[in-house]
Amino acid sequence: MHKKALSKGIFALSFPLAAMMAGGAQAAAPEMTAEELDRAGNIYFQRCAGCHGTLRAGATGPGLLPESTIEMGQRRLESIITFGTEGGMNNFDGILDEEEITLISKYIQQTPEEPPEMSLADIRETWTIVVPEEEWPDSPQHDRNWENFMVTILRDRGAMGIIDGDTKELVTEAETGYAVHVAKSSSDGRFWYVQGRDGRLSKIDLWMDPPQVTAEVFIGIDARDVAVSHYGEWADKYVIGGGYWPPHFVIADAHTMEPLKVVSTRGYDTEGNYVHEARVAALYDTPHAPTFLVNVKETGQVWQVDYSDIDNLRIDHIASAEYLHDGFFDSTGRYFMIAANFSNKMAFIDTVERKLVSLLNTGQIPHPGPGANWIDPECGPVAGTTHLGQGLMTFWGTDPEGHPDHAWEICGTVETDGPGLFVRSHPNSPHVWIDQAMHPEADVNQWVMVMDKETRELTPIHVADRPAEHDAVAVHMEYDQSGTEVWVSIWARGRGHQDDGAIVIYDDKTLEEKARVENLNTPTGKFNVYNRLKKYERG
């Protein structure tokens, strides 16, 4: 059952909604046909479930259950979806057409039903070897500088674009899952693992000509993140994928992608309330121990999972705050810093002692993405985050030994013109780059801000250069291998404009445009092989 459904791609993953909804909708909810329910279910999965939950119970975004949505009414729901909110929800005018907005407004007034679970046996049925190991090359099959490849998410395309950082050429588009959130590499940078929102966990070999997927497995029907073991004798032995639904994590053999173990993340939040939809928000390998960090969104718990004995997993449950989202390490790799964005806090975990060391109140809904570390002239080593709910970048001290007075305390803030998703820097750079992608207006979200590390002054840069009616935001910054170029995505996501996306490349010293990679389908996150291998900024 699972193998057949999963093999059909995203449009088969919206659950058998017509059958599940039959007889379940409240009397006051608008009537919908089976076809409309299926179509609306796909839209909800693609655009809404990440923030509002598979069961629509809410998380980063509010709950969308019929007891509240029916009372709000069709017209108001359509208005909110069309124009967005000041709390961080972007406008969908230009992304969805009027008919789709009407459809999804009706859908969120229906009673949600629970999709099926997946056992380890179900997951094993989806495991596929695409390129047998005997066909893997012993050395690169091409003469490109693969350590300067940009492994780039083509979100709605369901692929990873492999871009040559030297020539600025799109080498290939490797077919992966839909709406990949992040990519993580093997310890030598050759293999890259990507987790699609549709549950598809793929392994890509950059040495092949062209680079391609060698194996894959579906670890769920809705998923978000991935991590690879890098520590000691376990380097490149395990890969872990985290599910939104079912709420669990799956550990697989990083070499073959064979699924080995599945562990449910359902449990209790920091107030002792049971959470059925306890989703895995983010996954990381720790530099100083053979452990994965499994960040369970709705419970506010960071699970430090020791993989040195996979048959007898030791799991330390570290309570922080709800709802956990994205995080990153300090420059030493010891301290993990994650946004508890519903609580407006950053949580700081000592991964050596395996315990929470501090919680910090930031701005409204912190969202660091891969984060940024740099040296501040006043506070020493610091790290920062953007916010989904306001135009603000907050940064704090991260050096409890050398600068104890500033450790885990706010060092400073800078105001931007709108809420953003990502902040990025580099040890050799004088700058910190900040996007404003969550503002609903093009005259803000098509610009990024560049902060001088010494003066904290901001310089605005107009990146997207698209008409206001063309929904395209400037998002996610990444440095090249040399640390002198900054690559910024133009995420074109409006109707009929998906292939109008691009990446704009800047000289980090002069802040002048150097080049563009055009005609990309919804480019978002980019991951430079060399920088990620060196763990610059510990993102």
# chains A, B, ... in the order shown; residues from 1 in each chain; ligands from 1
$ residues_around --residues "A:Ile204" --least-positions-apart "2" --cutoff "10 Å" --atoms "only C-alpha atoms" --output "PyMOL selection string"
chain A and resi 151+160+174-176+185+190-194+202+206-208+211-216
$ select_by_dssp --residues "stretch 102-208 of chain A" --states "helix (DSSP H, G or I)" --output "PyMOL selection string"
chain A and resi 102-107+120-125+133-135+146-148
$ write_last_selection --atoms "C-alpha atoms" --output "PDB file, in the first residue's frame"
ATOM      1  CA  THR A 102     -11.626  29.631  -2.331  1.00  0.00           C
ATOM      2  CA  LEU A 103     -10.999  25.886  -2.337  1.00  0.00           C
ATOM      3  CA  ILE A 104      -8.441  25.891   0.473  1.00  0.00           C
ATOM      4  CA  SER A 105     -10.665  28.218   2.538  1.00  0.00           C
ATOM      5  CA  LYS A 106     -13.457  25.647   2.300  1.00  0.00           C
ATOM      6  CA  TYR A 107     -11.067  22.803   3.052  1.00  0.00           C
ATOM      7  CA  LEU A 120       9.646  -0.255   9.539  1.00  0.00           C
ATOM      8  CA  ALA A 121       8.358  -2.936   7.168  1.00  0.00           C
ATOM      9  CA  ASP A 122       6.361  -0.327   5.251  1.00  0.00           C
ATOM     10  CA  ILE A 123       9.436   1.888   5.016  1.00  0.00           C
ATOM     11  CA  ARG A 124      11.598  -1.010   3.815  1.00  0.00           C
ATOM     12  CA  GLU A 125       9.196  -1.603   0.933  1.00  0.00           C
ATOM     13  CA  GLU A 133      27.582   0.219  -5.694  1.00  0.00           C
ATOM     14  CA  GLU A 134      29.703  -1.601  -8.272  1.00  0.00           C
ATOM     15  CA  GLU A 135      28.839   1.187 -10.708  1.00  0.00           C
ATOM     16  CA  TRP A 146      33.144  19.656  -7.266  1.00  0.00           C
ATOM     17  CA  GLU A 147      34.156  21.124  -3.899  1.00  0.00           C
ATOM     18  CA  ASN A 148      32.828  24.450  -5.190  1.00  0.00           C
TER      19      ASN A 148
END
$ select_by_dssp --residues "stretch 103-340 of chain A" --states "strand (DSSP E)" --output "VMD selection string"
chain A and resid 128 to 129 149 to 154 159 to 164 170 to 175 183 to 185 191 to 195 200 to 205 212 to 218 222 to 228 238 to 245 248 to 253 259 to 264 267 to 268 274 to 275 280 to 285 291 to 296 301 to 306 314 to 319 324 to 329 335 to 340
$ residues_around --residues "A:Gly199" --least-positions-apart "6" --cutoff "9 Å" --atoms "only C-alpha atoms" --output "number ranges by chain"
A: 6, 177-178, 217-224, 241-245
$ closest_atom_pairs --of "stretch 379-470 of chain A" --to "stretch 44-61 of chain A" --cutoff "12 Å" --atoms "only C-alpha atoms" --output "Markdown table"
| residue | atom | partner | partner_atom | distance |
| --- | --- | --- | --- | --- |
| A:His387 | CA | A:Thr60 | CA | 12.0 |
| A:Leu388 | CA | A:Thr60 | CA | 9.5 |
| A:Gly389 | CA | A:Thr60 | CA | 10.5 |
$ residues_around --residues "stretch 435-451 of chain A" --least-positions-apart "5" --cutoff "6 Å" --atoms "only C-alpha atoms" --output "list in words"
Asn90, Asn91, Gly418, Pro419, Gly420, Phe422, Arg456, Glu457, Leu458, Thr459, Pro460, Ile461, His462, Val463, Ala464, Ala468, Val473, Ala474 and Val475 of chain A
$ decode --residues "stretch 199-352 of chain A" --atoms "C-alpha atoms" --output "PDB file, in the first residue's frame"
ATOM      1  CA  GLY A 199       9.113  11.761   2.730  1.00  0.00           C
ATOM      2  CA  ARG A 200      11.612  10.862   0.002  1.00  0.00           C
ATOM      3  CA  LEU A 201      15.158  10.624   1.403  1.00  0.00           C
ATOM      4  CA  SER A 202      17.718  10.609  -1.430  1.00  0.00           C
ATOM      5  CA  LYS A 203      21.494  10.132  -1.683  1.00  0.00           C
ATOM      6  CA  ILE A 204      23.351  12.031  -4.442  1.00  0.00           C
ATOM      7  CA  ASP A 205      26.881  11.225  -5.692  1.00  0.00           C
ATOM      8  CA  LEU A 206      28.724  14.370  -6.851  1.00  0.00           C
ATOM      9  CA  TRP A 207      31.519  12.321  -8.480  1.00  0.00           C
ATOM     10  CA  MET A 208      29.221  10.930 -11.158  1.00  0.00           C
ATOM     11  CA  ASP A 209      28.925  12.668 -14.520  1.00  0.00           C
ATOM     12  CA  PRO A 210      26.415  14.100 -14.151  1.00  0.00           C
ATOM     13  CA  PRO A 211      25.801  13.848 -10.383  1.00  0.00           C
ATOM     14  CA  GLN A 212      22.783  11.687  -9.661  1.00  0.00           C
ATOM     15  CA  VAL A 213      20.774   9.868  -7.007  1.00  0.00           C
ATOM     16  CA  THR A 214      22.202   6.459  -6.101  1.00  0.00           C
ATOM     17  CA  ALA A 215      19.555   5.269  -3.624  1.00  0.00           C
ATOM     18  CA  GLU A 216      16.426   6.456  -1.856  1.00  0.00           C
ATOM     19  CA  VAL A 217      13.832   5.520   0.722  1.00  0.00           C
ATOM     20  CA  PHE A 218      10.564   7.090   1.886  1.00  0.00           C
ATOM     21  CA  ILE A 219      10.759   7.572   5.658  1.00  0.00           C
ATOM     22  CA  GLY A 220       7.223   8.979   5.925  1.00  0.00           C
ATOM     23  CA  ILE A 221       4.539  10.770   3.952  1.00  0.00           C
ATOM     24  CA  ASP A 222       5.521  14.208   5.258  1.00  0.00           C
ATOM     25  CA  ALA A 223       9.080  14.937   6.367  1.00  0.00           C
ATOM     26  CA  ARG A 224      11.547  17.785   6.792  1.00  0.00           C
ATOM     27  CA  ASP A 225      15.179  17.170   7.728  1.00  0.00           C
ATOM     28  CA  VAL A 226      18.167  14.846   7.556  1.00  0.00           C
ATOM     29  CA  ALA A 227      21.585  14.385   9.199  1.00  0.00           C
ATOM     30  CA  VAL A 228      24.608  12.148   8.657  1.00  0.00           C
ATOM     31  CA  SER A 229      26.900  10.650  11.291  1.00  0.00           C
ATOM     32  CA  HIS A 230      30.365  12.269  11.144  1.00  0.00           C
ATOM     33  CA  TYR A 231      31.877  11.314  14.482  1.00  0.00           C
ATOM     34  CA  GLY A 232      34.830   8.946  14.895  1.00  0.00           C
ATOM     35  CA  GLU A 233      34.477   5.347  13.800  1.00  0.00           C
ATOM     36  CA  TRP A 234      30.811   5.965  12.926  1.00  0.00           C
ATOM     37  CA  ALA A 235      31.602   8.582  10.265  1.00  0.00           C
ATOM     38  CA  ASP A 236      29.272   8.075   7.285  1.00  0.00           C
ATOM     39  CA  LYS A 237      27.743   4.971   8.837  1.00  0.00           C
ATOM     40  CA  TYR A 238      24.244   6.281   9.536  1.00  0.00           C
ATOM     41  CA  VAL A 239      21.798   8.761   8.044  1.00  0.00           C
ATOM     42  CA  ILE A 240      18.698   9.906   9.912  1.00  0.00           C
ATOM     43  CA  GLY A 241      15.473  11.311   8.471  1.00  0.00           C
ATOM     44  CA  GLY A 242      12.799  13.068  10.499  1.00  0.00           C
ATOM     45  CA  GLY A 243       9.061  12.759   9.899  1.00  0.00           C
ATOM     46  CA  TYR A 244       6.275  15.269  10.229  1.00  0.00           C
ATOM     47  CA  TRP A 245       3.883  12.383   9.591  1.00  0.00           C
ATOM     48  CA  PRO A 246       4.141   9.861  10.996  1.00  0.00           C
ATOM     49  CA  PRO A 247       5.888  11.735  13.825  1.00  0.00           C
ATOM     50  CA  HIS A 248       9.030   9.627  14.068  1.00  0.00           C
ATOM     51  CA  PHE A 249      12.640   9.415  13.006  1.00  0.00           C
ATOM     52  CA  VAL A 250      14.221   6.717  10.869  1.00  0.00           C
ATOM     53  CA  ILE A 251      17.889   5.692  10.981  1.00  0.00           C
ATOM     54  CA  ALA A 252      19.203   4.139   7.778  1.00  0.00           C
ATOM     55  CA  ASP A 253      22.517   2.758   6.550  1.00  0.00           C
ATOM     56  CA  ALA A 254      24.220   5.823   5.033  1.00  0.00           C
ATOM     57  CA  HIS A 255      26.011   3.646   2.478  1.00  0.00           C
ATOM     58  CA  THR A 256      23.090   1.663   1.081  1.00  0.00           C
ATOM     59  CA  MET A 257      20.139   3.694   2.443  1.00  0.00           C
ATOM     60  CA  GLU A 258      18.593   0.553   3.905  1.00  0.00           C
ATOM     61  CA  PRO A 259      16.253   1.574   6.775  1.00  0.00           C
ATOM     62  CA  LEU A 260      17.391   0.088  10.082  1.00  0.00           C
ATOM     63  CA  LYS A 261      15.339   1.584  12.873  1.00  0.00           C
ATOM     64  CA  VAL A 262      12.219   3.701  13.407  1.00  0.00           C
ATOM     65  CA  VAL A 263      11.451   5.546  16.660  1.00  0.00           C
ATOM     66  CA  SER A 264       8.239   7.435  17.465  1.00  0.00           C
ATOM     67  CA  THR A 265       8.600  10.995  18.795  1.00  0.00           C
ATOM     68  CA  ARG A 266       5.150  11.229  20.364  1.00  0.00           C
ATOM     69  CA  GLY A 267       5.312  12.287  23.988  1.00  0.00           C
ATOM     70  CA  TYR A 268       4.842  15.152  26.415  1.00  0.00           C
ATOM     71  CA  ASP A 269       5.581  18.845  26.050  1.00  0.00           C
ATOM     72  CA  THR A 270       7.360  21.012  28.620  1.00  0.00           C
ATOM     73  CA  GLU A 271       4.085  21.450  30.547  1.00  0.00           C
ATOM     74  CA  GLY A 272       3.394  17.721  30.702  1.00  0.00           C
ATOM     75  CA  ASN A 273       0.683  17.671  28.018  1.00  0.00           C
ATOM     76  CA  TYR A 274       0.593  14.664  25.693  1.00  0.00           C
ATOM     77  CA  VAL A 275       1.333  15.521  22.062  1.00  0.00           C
ATOM     78  CA  HIS A 276       0.131  13.101  19.408  1.00  0.00           C
ATOM     79  CA  GLU A 277       1.483  15.057  16.413  1.00  0.00           C
ATOM     80  CA  ALA A 278       5.000  15.595  17.775  1.00  0.00           C
ATOM     81  CA  ARG A 279       6.905  16.327  14.575  1.00  0.00           C
ATOM     82  CA  VAL A 280      10.642  16.191  13.960  1.00  0.00           C
ATOM     83  CA  ALA A 281      11.535  19.761  13.027  1.00  0.00           C
ATOM     84  CA  ALA A 282      15.293  19.515  12.559  1.00  0.00           C
ATOM     85  CA  LEU A 283      18.171  17.014  12.730  1.00  0.00           C
ATOM     86  CA  TYR A 284      21.902  17.493  13.331  1.00  0.00           C
ATOM     87  CA  ASP A 285      25.021  15.451  13.954  1.00  0.00           C
ATOM     88  CA  THR A 286      27.069  16.634  16.928  1.00  0.00           C
ATOM     89  CA  PRO A 287      30.812  17.322  16.390  1.00  0.00           C
ATOM     90  CA  HIS A 288      31.898  16.180  19.865  1.00  0.00           C
ATOM     91  CA  ALA A 289      29.959  12.947  20.403  1.00  0.00           C
ATOM     92  CA  PRO A 290      28.457  10.037  18.424  1.00  0.00           C
ATOM     93  CA  THR A 291      24.983  11.536  18.666  1.00  0.00           C
ATOM     94  CA  PHE A 292      22.195  13.001  16.573  1.00  0.00           C
ATOM     95  CA  LEU A 293      20.071  15.906  17.790  1.00  0.00           C
ATOM     96  CA  VAL A 294      16.389  15.228  17.113  1.00  0.00           C
ATOM     97  CA  ASN A 295      14.394  18.395  17.673  1.00  0.00           C
ATOM     98  CA  VAL A 296      10.765  17.535  18.411  1.00  0.00           C
ATOM     99  CA  LYS A 297       8.788  20.578  17.414  1.00  0.00           C
ATOM    100  CA  GLU A 298       5.559  20.481  19.425  1.00  0.00           C
ATOM    101  CA  THR A 299       7.051  19.050  22.637  1.00  0.00           C
ATOM    102  CA  GLY A 300       9.863  21.588  22.912  1.00  0.00           C
ATOM    103  CA  GLN A 301      12.310  18.737  23.526  1.00  0.00           C
ATOM    104  CA  VAL A 302      15.743  18.202  22.007  1.00  0.00           C
ATOM    105  CA  TRP A 303      16.520  14.486  21.931  1.00  0.00           C
ATOM    106  CA  GLN A 304      20.236  13.699  21.913  1.00  0.00           C
ATOM    107  CA  VAL A 305      20.314  10.230  20.362  1.00  0.00           C
ATOM    108  CA  ASP A 306      23.499   8.212  20.855  1.00  0.00           C
ATOM    109  CA  TYR A 307      24.101   6.074  17.752  1.00  0.00           C
ATOM    110  CA  SER A 308      27.211   4.247  19.033  1.00  0.00           C
ATOM    111  CA  ASP A 309      24.943   1.262  19.768  1.00  0.00           C
ATOM    112  CA  ILE A 310      21.991   1.400  17.427  1.00  0.00           C
ATOM    113  CA  ASP A 311      20.400  -1.703  18.942  1.00  0.00           C
ATOM    114  CA  ASN A 312      20.320  -0.043  22.362  1.00  0.00           C
ATOM    115  CA  LEU A 313      19.763   3.624  21.668  1.00  0.00           C
ATOM    116  CA  ARG A 314      20.525   5.965  24.516  1.00  0.00           C
ATOM    117  CA  ILE A 315      18.297   9.035  24.237  1.00  0.00           C
ATOM    118  CA  ASP A 316      18.679  12.088  26.472  1.00  0.00           C
ATOM    119  CA  HIS A 317      15.477  14.147  26.509  1.00  0.00           C
ATOM    120  CA  ILE A 318      16.380  17.823  26.952  1.00  0.00           C
ATOM    121  CA  ALA A 319      13.412  20.107  27.616  1.00  0.00           C
ATOM    122  CA  SER A 320      13.613  23.642  26.218  1.00  0.00           C
ATOM    123  CA  ALA A 321      10.539  25.489  24.877  1.00  0.00           C
ATOM    124  CA  GLU A 322       7.873  25.130  22.188  1.00  0.00           C
ATOM    125  CA  TYR A 323       7.848  25.132  19.153  1.00  0.00           C
ATOM    126  CA  LEU A 324      11.293  24.020  18.010  1.00  0.00           C
ATOM    127  CA  HIS A 325      12.246  24.827  14.433  1.00  0.00           C
ATOM    128  CA  ASP A 326      15.709  25.439  12.886  1.00  0.00           C
ATOM    129  CA  GLY A 327      19.059  25.637  14.662  1.00  0.00           C
ATOM    130  CA  PHE A 328      22.832  25.703  14.282  1.00  0.00           C
ATOM    131  CA  PHE A 329      26.050  25.310  16.281  1.00  0.00           C
ATOM    132  CA  ASP A 330      28.348  27.924  17.727  1.00  0.00           C
ATOM    133  CA  SER A 331      31.795  28.284  16.131  1.00  0.00           C
ATOM    134  CA  THR A 332      33.279  25.582  18.420  1.00  0.00           C
ATOM    135  CA  GLY A 333      30.612  23.017  17.593  1.00  0.00           C
ATOM    136  CA  ARG A 334      29.917  22.371  21.269  1.00  0.00           C
ATOM    137  CA  TYR A 335      26.811  24.486  21.794  1.00  0.00           C
ATOM    138  CA  PHE A 336      23.660  23.959  19.766  1.00  0.00           C
ATOM    139  CA  MET A 337      21.334  26.940  19.332  1.00  0.00           C
ATOM    140  CA  ILE A 338      17.752  26.397  18.183  1.00  0.00           C
ATOM    141  CA  ALA A 339      14.715  28.617  17.759  1.00  0.00           C
ATOM    142  CA  ALA A 340      11.717  27.874  19.945  1.00  0.00           C
ATOM    143  CA  ASN A 341       9.813  30.226  17.734  1.00  0.00           C
ATOM    144  CA  PHE A 342       6.332  30.027  19.238  1.00  0.00           C
ATOM    145  CA  SER A 343       7.890  31.001  22.588  1.00  0.00           C
ATOM    146  CA  ASN A 344       9.956  33.821  21.000  1.00  0.00           C
ATOM    147  CA  LYS A 345      13.110  32.249  22.405  1.00  0.00           C
ATOM    148  CA  MET A 346      16.439  30.754  21.410  1.00  0.00           C
ATOM    149  CA  ALA A 347      17.432  27.625  23.335  1.00  0.00           C
ATOM    150  CA  PHE A 348      21.084  26.753  23.988  1.00  0.00           C
ATOM    151  CA  ILE A 349      22.171  23.121  24.450  1.00  0.00           C
ATOM    152  CA  ASP A 350      25.586  21.943  25.679  1.00  0.00           C
ATOM    153  CA  THR A 351      26.048  18.813  23.547  1.00  0.00           C
ATOM    154  CA  VAL A 352      29.015  17.630  25.632  1.00  0.00           C
TER     155      VAL A 352
END
